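Asks: Have a look at this one.
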Amino acid sequence: MSYASVKGRTEELLQLLARPFPQEDDKRDDFLADVNRLLGLRQSMIETSAGSFTTEESSVLIEQDRLLTARLNAVSAAIKQDLKEIADQKRLHKGYERGGILSTKGAFIDEKSC
């Protein structure tokens, strides 16, 4: 693989990650599948081209990699936030099922005394 193809695939991935993270489950799954597919293609291109890049080409790819890592971290943070919200919802739901004292973001509710 050539430098241009690796650089092009990386730019395609950066453009994909520049879009807002989808809120709908189906669109989110498609988005993540596209990201994984492009990451896999890019990785295989880099592995087959190892050692064939000039110093200047390598530095451009390294800078792109830094941008890519930052955008992937942003997506990861959004996913972690969603998982935290789901865990909080499950905890609150279990509290309602069991009855008793619940805590909701600093407020305490005693359902048995109501």
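For the structure tokens, the naming scheme is as follows: chains receive sequential letters (A, B, ...) according to their order of presentation, residues are indexed from 1 within each chain, and ligands are indexed from 1 in presentation order.
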Please identify all polymer residues within 9 Å of Leu16 of chain A, counting only C-alpha atoms, omitting same-chain residues fewer than 5 positions from it, and present them as a list of chain:residue names.

Replies: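 Here the qualifying residues turn out to be A:Glu11, A:Phe31, A:Asp34, A:Val35.
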
Asks: Would you mind writing down, as a PyMOL selection string, each residue of chain A that DSSP on the backbone assigns to strand (DSSP E)?

Replies: chain A and resi 101-104+107-110

Asks: I need the residues in chain A that are helix (DSSP H, G or I) according to DSSP; give them as a ChimeraX atom specification.

Replies: /A:3-18,25-48,55-98,111-113

Asks: Hey, can you check how far atom CA of Ile46 of chain A sits from atom CA of Ser2 of chain A?

Replies: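 Result for atom CA of Ile46 of chain A versus atom CA of Ser2 of chain A: 9.0 Å, one decimal.
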
Asks: Tell me which of A:Ser5, A:Gln15, A:Thr69, A:Gln23 sits closest to Leu41 of chain A, counting only C-alpha atoms.

Replies: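 Closest residue, counting only C-alpha atoms: A:Ser5.
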
Asks: For Val60 of chain A, list every protein, DNA or RNA residue within 12 Å, evaluated using only C-alpha atoms, and leave out those in the same chain fewer than 3 positions away; present the list as a compact mmCIF listing (two decimals) with N, CA, C and O atoms, in the first residue's frame.

Replies:
# COMPACT_ATOMS: atom_id res chain seq x y z
N TYR A 3 1.62 5.45 0.55
CA TYR A 3 1.41 6.51 1.53
C TYR A 3 0.09 7.22 1.26
O TYR A 3 -0.68 7.50 2.19
N ALA A 4 -0.19 7.50 -0.01
CA ALA A 4 -1.41 8.23 -0.37
C ALA A 4 -2.67 7.46 0.05
O ALA A 4 -3.64 8.05 0.52
N VAL A 6 -2.94 5.23 2.53
CA VAL A 6 -3.04 5.25 4.00
C VAL A 6 -3.51 6.63 4.46
O VAL A 6 -4.40 6.74 5.31
N LYS A 7 -2.94 7.67 3.88
CA LYS A 7 -3.33 9.03 4.24
C LYS A 7 -4.79 9.28 3.89
O LYS A 7 -5.55 9.85 4.68
N GLY A 8 -5.22 8.81 2.73
CA GLY A 8 -6.61 8.98 2.32
C GLY A 8 -7.58 8.25 3.23
O GLY A 8 -8.64 8.78 3.58
N THR A 10 -7.06 7.51 6.33
CA THR A 10 -7.04 8.21 7.62
C THR A 10 -7.90 9.47 7.55
O THR A 10 -8.66 9.76 8.48
N GLU A 11 -7.81 10.19 6.44
CA GLU A 11 -8.64 11.40 6.28
C GLU A 11 -10.12 11.04 6.23
O GLU A 11 -10.96 11.75 6.79
N PHE A 53 7.66 4.22 4.29
CA PHE A 53 7.35 5.65 4.34
C PHE A 53 8.62 6.45 4.58
O PHE A 53 9.51 6.03 5.33
N THR A 54 8.67 7.64 3.98
CA THR A 54 9.79 8.54 4.26
C THR A 54 9.56 9.17 5.63
O THR A 54 8.48 9.05 6.22
N THR A 55 10.56 9.88 6.10
CA THR A 55 10.45 10.54 7.40
C THR A 55 9.34 11.58 7.39
O THR A 55 8.56 11.68 8.35
N GLU A 56 9.23 12.32 6.32
CA GLU A 56 8.18 13.34 6.21
C GLU A 56 6.80 12.69 6.18
O GLU A 56 5.87 13.16 6.84
N GLU A 57 6.65 11.63 5.42
CA GLU A 57 5.38 10.91 5.35
C GLU A 57 5.00 10.34 6.72
O GLU A 57 3.85 10.43 7.13
N GLU A 63 0.95 12.72 12.95
CA GLU A 63 0.10 13.84 13.33
C GLU A 63 -1.37 13.48 13.10
O GLU A 63 -2.23 13.78 13.94
N GLN A 64 -1.67 12.81 11.99
CA GLN A 64 -3.04 12.35 11.75
C GLN A 64 -3.47 11.36 12.83
O GLN A 64 -4.62 11.38 13.26
N ASP A 65 -2.55 10.52 13.24
CA ASP A 65 -2.85 9.54 14.28
C ASP A 65 -3.21 10.23 15.60
O ASP A 65 -4.09 9.78 16.32
N ARG A 66 -2.53 11.32 15.91
CA ARG A 66 -2.85 12.08 17.13
C ARG A 66 -4.27 12.64 17.07
O ARG A 66 -5.02 12.56 18.04
N LEU A 67 -4.63 13.21 15.91
CA LEU A 67 -5.99 13.72 15.73
C LEU A 67 -7.01 12.60 15.84
O LEU A 67 -8.06 12.75 16.47
